[in-house]
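J.: Questions regarding the structure given below will be posed in turn.
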Amino acid sequence: MIVVRRWVTKTFKNNFWFRSTASLTLLSILSSCNPTEIPASGQRINSGYTDASLANRAFIYRDSPAIIEGPNFGPQVNMKRIIDDANPELITIKSQLKSDCNLSIFSPLSNVTDCLQTFGSKSASQQPLNRNSDGTWIFPVNSSEFYQVNGHYHAQLVMNKFFESLEFAYNHLQLNVSPWVVKSMPKYLNDTKMFWFKGTSNPNYFNNTYLSNYALCNLELNASFSPAGPEVCMGKWSAHSNFFMVQDPSIIYHEMGHAFVAIMMNFRNANIFGTHPLRSNLGGYGFDEAGSIGEGIADYFSFFVNGRSHIGEWGLKFAKSTRPLAEDDEMHIPGIDTTSEGRLSYPQYLLYNPNNPNVPEEDVHYAGQIVGHYLVALTKAFQTECSIPAQNLHSTSTSYVLLLLAETLAEIGDLNAIGMDQSSGAALNPSTFTSRFNNMDENASFLWTQVVNPPNYRRFFQIFSKNINKYITGGLCSSFTRDESEKLLDDYGLLLFKAYNNDGSSTKSKNIQISGAGTATSYMTPLPPTKVFENNRRKSVLVSKELIELATPDEDEDVATYYIIDDQENMSAVLQNLLFKGFPMNPSTGIASVEYNNSNIRISPGEIVALIPNLKNNSNSIMAGVQLLATDWDHVHITDTTGINGNYKPCKVDDVTTTAQGAESGLSCNDTLDTYRRHVKQSNGYFRTDEVVAPVCMVQLEEGEVTKWVSQNEFRKNSQGLSLQDKDCLGFGTAAATTDFTFNPHECLVRILPGANEAYFSKIAPQKSYSQTMRSGNPNHIFGPGNAIVMEVNKWIPPGTKFRCRMRARFTNCSDCYNDPADATADDYIDREYNGAKPFKVINIEFDVND
Amino acid sequence: MTKKRVSLLICCMFIVGGCLWWWQKPVTSPQHSSKAPGILTPQTNEIQDRQVINKDKVTINRLPASVSFVNKPSADWEKKLTQSLKAQAGNSLKELEIKKERSLVWTRDENALLVESVVVSMTNTQDVSSSFRALVDSQTGKVLETWDRTIFDPMDKSGEFKFKLDPRYSN
């Protein structure tokens with residue numbers, strides 16, 4: 001089907017915001033004798049304003065050139081045509097380009113001084129811009145100062161609106177909702193200052209308590225948010241010297257949206273008992289659904305400010321990558337509309353690029369459109385269903401959504417893992433209150449929230465809709481019923497869960513549940529969660545995990561079981577890319593290196609290789625959000641009772657590794673570990689002898705007539721003629737004279753690299769492999785780094801050595817990955833169960849190491 | 001108090017004491033010397049400024065006697081980290097900066113490790129900057145966790161890194 005992209009010729013939607021802006025602009029043009037002449041720095045203006053009325057103010061552009069001048073305008077632009085020179089806006093009363101963060105929650109006013117500071121480009125000697133000597137912020141149009149002032153204005157605009165909505169959310173939760181209802185946004189937010197990039201524990205977590213807003217960043221065709229700064233960076237386009245991303249306020253709102261997501265996810269990560277050393281983020285390396293959720297929410301922050309259901313009309317249009325936020329946008333292909341059938345639903349439109357709709361594209365921004373569309377549709381539903389005064393329709397309805405986002409993200413990102421506070425609102429003391437109700441526990445929580453059980457569309461919308469039931473249906477807007485909420489979710493294919501998981505079970509035991517704020521109770525029969533109305537599930541299709549497997553090689557169909565990348569150029573690039581994206585790998589010096597890579601598309605000693613598993617969907621429905629984990633898990637039974645070697649037997653988790661091959665089917669294999677500890681030496685110098693998680697790759701050991709699968713540590717010590725020392729193992733990080741207690745000798749021979757220890761696949765079509773899915777409609781599809789598992793291979797491995805790596809697969813629309821099908825309550829698995837095999841399909845990847 | 005009551009009290013104390021002893025018993029089964037080769041004793045000045053975050057998430061500003069550290073701070077941790085990052089980066093970086101934010105004690109795999117919390121900032125040869133936070137082993141310079149990574153929103157999505165599949169895979 002050929003689809004004509006109508007967006008190129010369309011006029012942007014003539015909504016209220018556009019009409020208002022256009023009217024103001026027209027008025028200013030008509031009322032000025034020389035409308036494009038804006039006085040330069042230090043000059044007085046002739047438009048009748050007094051010095052006093054312009055104090056601390058500037059003329060700004062209210063929207064992008066594409067909105068003011070129309071969609072065919074640019075990329076060459078003179079911003080004199082764009083600014084509103086009739087209505088100067090307050091920029092800041094400070095003498096430098098800085099603003100405070102003020103949050104009025106209870107009293108006193110909570111404040112972070114100078115929390116937003118705007119600069120031009122990044123430099124070692126950077127200083128915020130000084131106010132003009134005439135007391136204004138009016139600088140020559142198109143100058144660096146002009147863009148800094150405008151960048152500051154729009155960043156401050158969205159920030160202030162964020163705080164207004166946050167105040168609404170906080171005050172509602174604390175004043176109107178029963179103290180016995182467990183909330184995620186903590187009451188002590190006022191004390192911790194975690195509503196911004198500031199923690200009050202000693203020493204303060206952040207070097208900078210302010211967000212640096214770079215209006216003219218040296219970043220080509222790009223914009224970014226760096227939480228480690230924290231900083232927002234608005235890029236440029238070298239081919240057009242007067243084109244800048246800062247000219248498009250919707251992109252500023254989007255980048256600031258990433259900052260707000262980072263803040264909300266970490267609401268709970270500081271309290272009177274300390275600040276967690278880590279912070280939560282949305283998204284990992286390459287494509288994943290957590291990153292897509294982050295992009296969808298960031299897009300929503302543009303709608304949040306300007307009420308327009310489209311983003312990047314200027315900043316993204318020249319690369320043909322703008323994004324709609326509602327189904328009635330003219331850019332969409334036929335068939336997408338605001339009816340139940342026509343919604344931008346999951347997983348059908350996961351790879352949908354409205355700019356190029358015939359080519360599937362695996363990208364977090366396009367996948368995030370489903371989230372953005374849902375949030376806008378929900379906002380409109382609140383506007384229709386709830387009794388909101390007309391003059392507050394947008395601000396109140398978006399504040400409802402922000403309340404839901406704040407509660408949901410705070411729960412997802414909770415690293416302290418207690419998951420509740422006292423009924424007074426005070427934090428619980430982790431040394432006396434030992435139950436954990438969220439994200440496993442405080443030591444494993446980072447791994448759980450980022451890798452093992454990260455937010456996907458199921459987890460996010462299950463918590464989000466639980467919060468709709470609690471706070472919207474249950475309080476703010478009872479006319480928006482659970483039935484309506486589920487129907488809307490299902491219109492988007494997002495009713496991906498059978499129950500709301502709102503029974504409050506502990507992460508370690510289903511029998512311990514939250515029984516009121518600040519208390520935990522043990523039940524013989526745990527209380528069940530609320531189930532969804534199954535009649536509402538019409539578009540959200542769930543598929544069994546048993547129907548996913550590795551593809552069978554088929555030369556006619558050009559299908560491989562897995563693809564190996566082992567050439568030096570590609571692998572050097574992927575390692576560099578991993579580092580640049582924040583995934584250092586601690587390379588094993590002298591034991592493996594890309595210098596050993598020989599491009600024979602096999603796994604050879606000494607190489608660093610990327611392995612792209614080609615998973616096949618044997619069902620008749622789409623599988624989406626497929627995650628293949630190569631992290632350590634509880635799949636072994638330790639047989640070494642001395643603690644010297646840590647030898648183990650693999651547990652029998654499927655029919656692949658049998659008892660005849662050395663597998664164990666009882667003993668510690670009967671249960672999953674209730675904490676997370678790797679199989680490394682303890683402080684007494686010995687391995688544990690009870691339960692641990694072990695690396696995924698085992699090695700085949702031949703002893704006479706017997707062939708069995710053993711730990712890499714056992715093999716390297718026992719295999720004839722090998723006897724490798726620690727220093728000859730992968731991942732050993734120190735001199736032989738001291739011991740490295742982060743070193744895991746059970747990955748001495750094959751080591752999966754951090755950051756590349758999971759592969760993600762957006763979706764797999766029915767009865768197809770992933771590669772077939774992506775090549776359908778795009779024969780030139782090439783794999784992304786997020787599709788690969790990257791591993792080091794020890795150069796000392798004897799050729800012919802066989803490995804079996806037991807990875808674990810699950811996907812978002814899975815019927816039996818999140819709860820036991822035999823459990824009629826449909827209660828979700830508790831976190832400890834994600835240490836084992838039950839929530840996953842075990843995928844065995846086997847290979848020989850050969851030159 | 002009657003003899004019967006005294007006996008009952010002694011009996012109760014015995015039971016409670018037994019329970020406490022049982023409760024305190026370590027789970028790890030092998031009984032090895034408490035001063036095994038792994039335990040290191042850092043100098044007081046190596047740990048006195050660290051925020052100790054033990055497994056109960058209690059922040060304390062001085063060393064608890066019960067904590068056994070398994071690593072010892074090395075002055076070389078930053079040098080080792082730099083070497084490791086540069087080895088991975090190859091010739092792709094123009095600038096690399098490591099900025100220490102604080103020193104901590106971090107429980108990993110039930111081992112108490114002395115770690116450094118750092119911000120790593122990089123600029124590549126295309127002049128693009130990125131950053132992330134990391135917890136780094138104070139002895140080996142190994143990166144233990146990373147977070148707070150830069151989120152990029154490129155105008156043109158096709159510029160993202162992709163693998164070139166070997167031509168022997170026909171597609």
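Numbering starts fresh at 1 for the residues of each chain in the structure tokens, the chains themselves are lettered A, B, ... in the order given, and ligands are numbered from 1 as they appear.
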Using only C-alpha atoms, which protein or nucleic acid residues come within 12 Å of Val143 (chain B)? Drop anything in the same chain fewer than 3 positions from it, and give the result as a PyMOL selection string.
T.: (chain A and resi 579+582-587+731+733+742-743+753-755) or (chain B and resi 77-78+80-85+115-120+132-140+146-147)
J.: Any chance you could export the current selection's N, CA and C atoms as an mmCIF file, in the first residue's frame?
T.:
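Once written, part-v7.cif looks like this:
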data_model
loop_
_atom_site.group_PDB
_atom_site.id
_atom_site.type_symbol
_atom_site.label_atom_id
_atom_site.label_comp_id
_atom_site.auth_asym_id
_atom_site.auth_seq_id
_atom_site.Cartn_x
_atom_site.Cartn_y
_atom_site.Cartn_z
ATOM 1 N N LEU A 579 30.260 2.508 25.549
ATOM 2 C CA LEU A 579 30.859 3.428 26.519
ATOM 3 C C LEU A 579 30.215 4.799 26.418
ATOM 4 N N GLY A 582 27.131 5.121 28.116
ATOM 5 C CA GLY A 582 27.155 4.961 29.568
ATOM 6 C C GLY A 582 27.288 3.545 30.063
ATOM 7 N N PHE A 583 27.864 2.670 29.242
ATOM 8 C CA PHE A 583 28.040 1.274 29.655
ATOM 9 C C PHE A 583 29.498 0.842 29.539
ATOM 10 N N PRO A 584 30.328 1.234 30.506
ATOM 11 C CA PRO A 584 31.708 0.748 30.493
ATOM 12 C C PRO A 584 31.735 -0.741 30.820
ATOM 13 N N MET A 585 32.671 -1.459 30.259
ATOM 14 C CA MET A 585 32.628 -2.925 30.364
ATOM 15 C C MET A 585 33.769 -3.525 31.152
ATOM 16 N N ASN A 586 34.658 -2.739 31.721
ATOM 17 C CA ASN A 586 35.820 -3.272 32.439
ATOM 18 C C ASN A 586 36.548 -4.307 31.585
ATOM 19 N N PRO A 587 37.149 -3.919 30.474
ATOM 20 C CA PRO A 587 37.743 -4.913 29.572
ATOM 21 C C PRO A 587 38.804 -5.757 30.270
ATOM 22 N N GLY A 731 37.708 -10.761 33.381
ATOM 23 C CA GLY A 731 37.108 -9.973 34.449
ATOM 24 C C GLY A 731 37.924 -9.846 35.708
ATOM 25 N N GLY A 733 40.423 -8.192 38.017
ATOM 26 C CA GLY A 733 40.740 -6.771 37.944
ATOM 27 C C GLY A 733 41.833 -6.277 38.829
ATOM 28 N N THR A 742 34.966 -8.511 43.369
ATOM 29 C CA THR A 742 33.895 -8.358 42.390
ATOM 30 C C THR A 742 34.110 -9.330 41.235
ATOM 31 N N PHE A 743 35.252 -9.981 41.221
ATOM 32 C CA PHE A 743 35.610 -10.926 40.164
ATOM 33 C C PHE A 743 34.784 -12.205 40.310
ATOM 34 N N LEU A 753 29.103 -9.042 28.816
ATOM 35 C CA LEU A 753 29.529 -7.707 29.249
ATOM 36 C C LEU A 753 28.388 -6.909 29.859
ATOM 37 N N PRO A 754 28.703 -6.157 30.923
ATOM 38 C CA PRO A 754 27.671 -5.316 31.522
ATOM 39 C C PRO A 754 27.145 -4.310 30.495
ATOM 40 N N GLY A 755 25.863 -4.043 30.554
ATOM 41 C CA GLY A 755 25.256 -3.121 29.588
ATOM 42 C C GLY A 755 24.799 -3.828 28.338
ATOM 43 N N TRP B 77 43.019 4.045 41.894
ATOM 44 C CA TRP B 77 41.725 3.654 41.333
ATOM 45 C C TRP B 77 41.355 4.513 40.126
ATOM 46 N N GLU B 78 41.643 5.798 40.194
ATOM 47 C CA GLU B 78 41.235 6.682 39.105
ATOM 48 C C GLU B 78 42.069 6.421 37.850
ATOM 49 N N LYS B 80 43.454 3.564 37.084
ATOM 50 C CA LYS B 80 42.999 2.296 36.515
ATOM 51 C C LYS B 80 41.681 2.471 35.764
ATOM 52 N N LEU B 81 40.805 3.274 36.343
ATOM 53 C CA LEU B 81 39.522 3.532 35.677
ATOM 54 C C LEU B 81 39.751 4.229 34.341
ATOM 55 N N THR B 82 40.617 5.230 34.353
ATOM 56 C CA THR B 82 40.905 5.962 33.115
ATOM 57 C C THR B 82 41.455 5.016 32.049
ATOM 58 N N GLN B 83 42.379 4.161 32.464
ATOM 59 C CA GLN B 83 42.967 3.197 31.505
ATOM 60 C C GLN B 83 41.885 2.293 30.923
ATOM 61 N N SER B 84 41.029 1.831 31.796
ATOM 62 C CA SER B 84 39.974 0.911 31.364
ATOM 63 C C SER B 84 39.013 1.597 30.389
ATOM 64 N N LEU B 85 38.626 2.821 30.705
ATOM 65 C CA LEU B 85 37.705 3.544 29.818
ATOM 66 C C LEU B 85 38.368 3.845 28.480
ATOM 67 N N VAL B 115 33.792 2.162 47.777
ATOM 68 C CA VAL B 115 33.582 2.582 46.391
ATOM 69 C C VAL B 115 33.642 4.097 46.263
ATOM 70 N N GLU B 116 33.877 4.522 45.035
ATOM 71 C CA GLU B 116 33.854 5.947 44.718
ATOM 72 C C GLU B 116 32.672 6.196 43.793
ATOM 73 N N SER B 117 31.928 7.256 44.064
ATOM 74 C CA SER B 117 30.837 7.643 43.169
ATOM 75 C C SER B 117 31.370 8.771 42.284
ATOM 76 N N VAL B 118 31.331 8.569 40.988
ATOM 77 C CA VAL B 118 31.958 9.531 40.070
ATOM 78 C C VAL B 118 30.994 9.915 38.947
ATOM 79 N N VAL B 119 31.297 11.046 38.321
ATOM 80 C CA VAL B 119 30.640 11.414 37.068
ATOM 81 C C VAL B 119 31.690 11.297 35.966
ATOM 82 N N VAL B 120 31.356 10.553 34.932
ATOM 83 C CA VAL B 120 32.249 10.424 33.770
ATOM 84 C C VAL B 120 31.654 11.253 32.640
ATOM 85 N N PHE B 132 27.693 10.060 32.431
ATOM 86 C CA PHE B 132 26.964 9.117 33.265
ATOM 87 C C PHE B 132 27.593 9.112 34.652
ATOM 88 N N ARG B 133 26.851 8.587 35.603
ATOM 89 C CA ARG B 133 27.401 8.386 36.935
ATOM 90 C C ARG B 133 27.808 6.936 37.086
ATOM 91 N N ALA B 134 28.770 6.686 37.956
ATOM 92 C CA ALA B 134 29.228 5.316 38.152
ATOM 93 C C ALA B 134 29.686 5.114 39.590
ATOM 94 N N LEU B 135 29.495 3.895 40.071
ATOM 95 C CA LEU B 135 30.133 3.468 41.320
ATOM 96 C C LEU B 135 31.353 2.660 40.923
ATOM 97 N N VAL B 136 32.494 3.019 41.477
ATOM 98 C CA VAL B 136 33.756 2.423 41.074
ATOM 99 C C VAL B 136 34.429 1.796 42.291
ATOM 100 N N ASP B 137 34.932 0.603 42.133
ATOM 101 C CA ASP B 137 35.666 -0.089 43.199
ATOM 102 C C ASP B 137 36.902 0.739 43.567
ATOM 103 N N SER B 138 37.027 1.091 44.839
ATOM 104 C CA SER B 138 38.125 1.972 45.271
ATOM 105 C C SER B 138 39.495 1.315 45.165
ATOM 106 N N GLN B 139 39.507 0.011 44.974
ATOM 107 C CA GLN B 139 40.792 -0.684 44.852
ATOM 108 C C GLN B 139 41.153 -0.955 43.391
ATOM 109 N N THR B 140 40.215 -1.568 42.677
ATOM 110 C CA THR B 140 40.538 -2.032 41.324
ATOM 111 C C THR B 140 40.201 -1.021 40.235
ATOM 112 N N THR B 146 26.388 1.727 36.630
ATOM 113 C CA THR B 146 26.300 3.056 36.012
ATOM 114 C C THR B 146 24.842 3.469 35.914
ATOM 115 N N TRP B 147 24.613 4.762 35.955
ATOM 116 C CA TRP B 147 23.254 5.284 35.856
ATOM 117 C C TRP B 147 23.330 6.741 35.420
#
J.: Determine, counting only C-alpha atoms, which protein, DNA and RNA residues have an atom within 9 Å of an atom of Arg482 (chain A); residues of the same chain fewer than 6 positions away are not included. Present the result as a PyMOL selection string.
T.: chain A and resi 465+468-469+473+532-533
J.: At a cut-off of 10 Å, using only C-alpha atoms, what residues contact Leu393 (chain A)? Leave out same-chain residues fewer than 4 positions from it and give the result as an mmCIF file with C-alpha atoms, in the first residue's frame.
T.:
data_model
loop_
_atom_site.group_PDB
_atom_site.id
_atom_site.type_symbol
_atom_site.label_atom_id
_atom_site.label_comp_id
_atom_site.auth_asym_id
_atom_site.auth_seq_id
_atom_site.Cartn_x
_atom_site.Cartn_y
_atom_site.Cartn_z
ATOM 1 C CA THR A 379 -6.548 14.054 29.381
ATOM 2 C CA LYS A 380 -9.385 14.643 26.932
ATOM 3 C CA PHE A 382 -10.984 13.773 31.961
ATOM 4 C CA GLN A 383 -12.052 17.005 30.273
ATOM 5 C CA THR A 384 -15.228 15.309 29.053
ATOM 6 C CA CYS A 386 -15.041 15.140 35.026
ATOM 7 C CA SER A 387 -16.696 18.285 36.332
ATOM 8 C CA ILE A 388 -13.886 20.693 35.670
ATOM 9 C CA PRO A 389 -14.620 24.413 35.266
ATOM 10 C CA SER A 397 -6.979 17.700 33.478
ATOM 11 C CA THR A 398 -3.230 17.742 32.865
ATOM 12 C CA SER A 399 -2.676 18.038 36.622
#
J.: CA of Ser540 (chain A) and CA of Ser340 (chain A), how far apart in Å?
T.: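 Computed distance, CA of Ser340 (chain A) to CA of Ser540 (chain A), equals 12.1 Å.
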J.: Quick one: DSSP helix (DSSP H, G or I) residues in region 144-257 of chain A, as a PyMOL selection string?
T.: chain A and resi 144-176+189-192+245-247+249-257
J.: Quote the spacing between CA of His635 (chain A) and CA of Glu702 (chain A) in Å to one decimal place.
T.: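 It comes out at 21.1 Å.
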J.: Please indicate the distance in Å from CA of Ser769 (chain A) to CA of Leu547 (chain A), rounded to one decimal place.
T.: 11.7 Å
J.: When you look at region 124-127 of chain B with a cut-off of 6 Å (counting only C-alpha atoms), what residues show up, excluding the ones that are within fewer than 6 positions of it in the same chain? I need them as an MDAnalysis selection string.
T.: chainID B and resid 92:94
J.: For the selection you just gave me, I'd like the residues written to a file as a PDB file, in the first residue's frame, keeping N, CA and C atoms.
T.:
ATOM      1  N   SER B  92      38.033   6.918  19.869  1.00  0.00           N
ATOM      2  CA  SER B  92      36.758   7.590  19.607  1.00  0.00           C
ATOM      3  C   SER B  92      36.537   8.845  20.440  1.00  0.00           C
ATOM      4  N   LEU B  93      37.365   9.064  21.460  1.00  0.00           N
ATOM      5  CA  LEU B  93      37.115  10.195  22.355  1.00  0.00           C
ATOM      6  C   LEU B  93      38.148  11.305  22.194  1.00  0.00           C
ATOM      7  N   LYS B  94      37.666  12.532  22.261  1.00  0.00           N
ATOM      8  CA  LYS B  94      38.567  13.683  22.306  1.00  0.00           C
ATOM      9  C   LYS B  94      38.874  14.055  23.749  1.00  0.00           C
TER      10      LYS B  94
END
J.: Fewer than 5 positions away in the same chain doesn't count, so skip those; otherwise give me all residues within 7 Å of Pro605 (chain A), counting only C-alpha atoms, as a count of residues only.
T.: 8
J.: Hey, which of B:Leu165, B:Leu144, B:Met122, B:Leu114 ends up closest to Asn71 (chain B)? Count only C-alpha atoms.
T.: B:Leu114
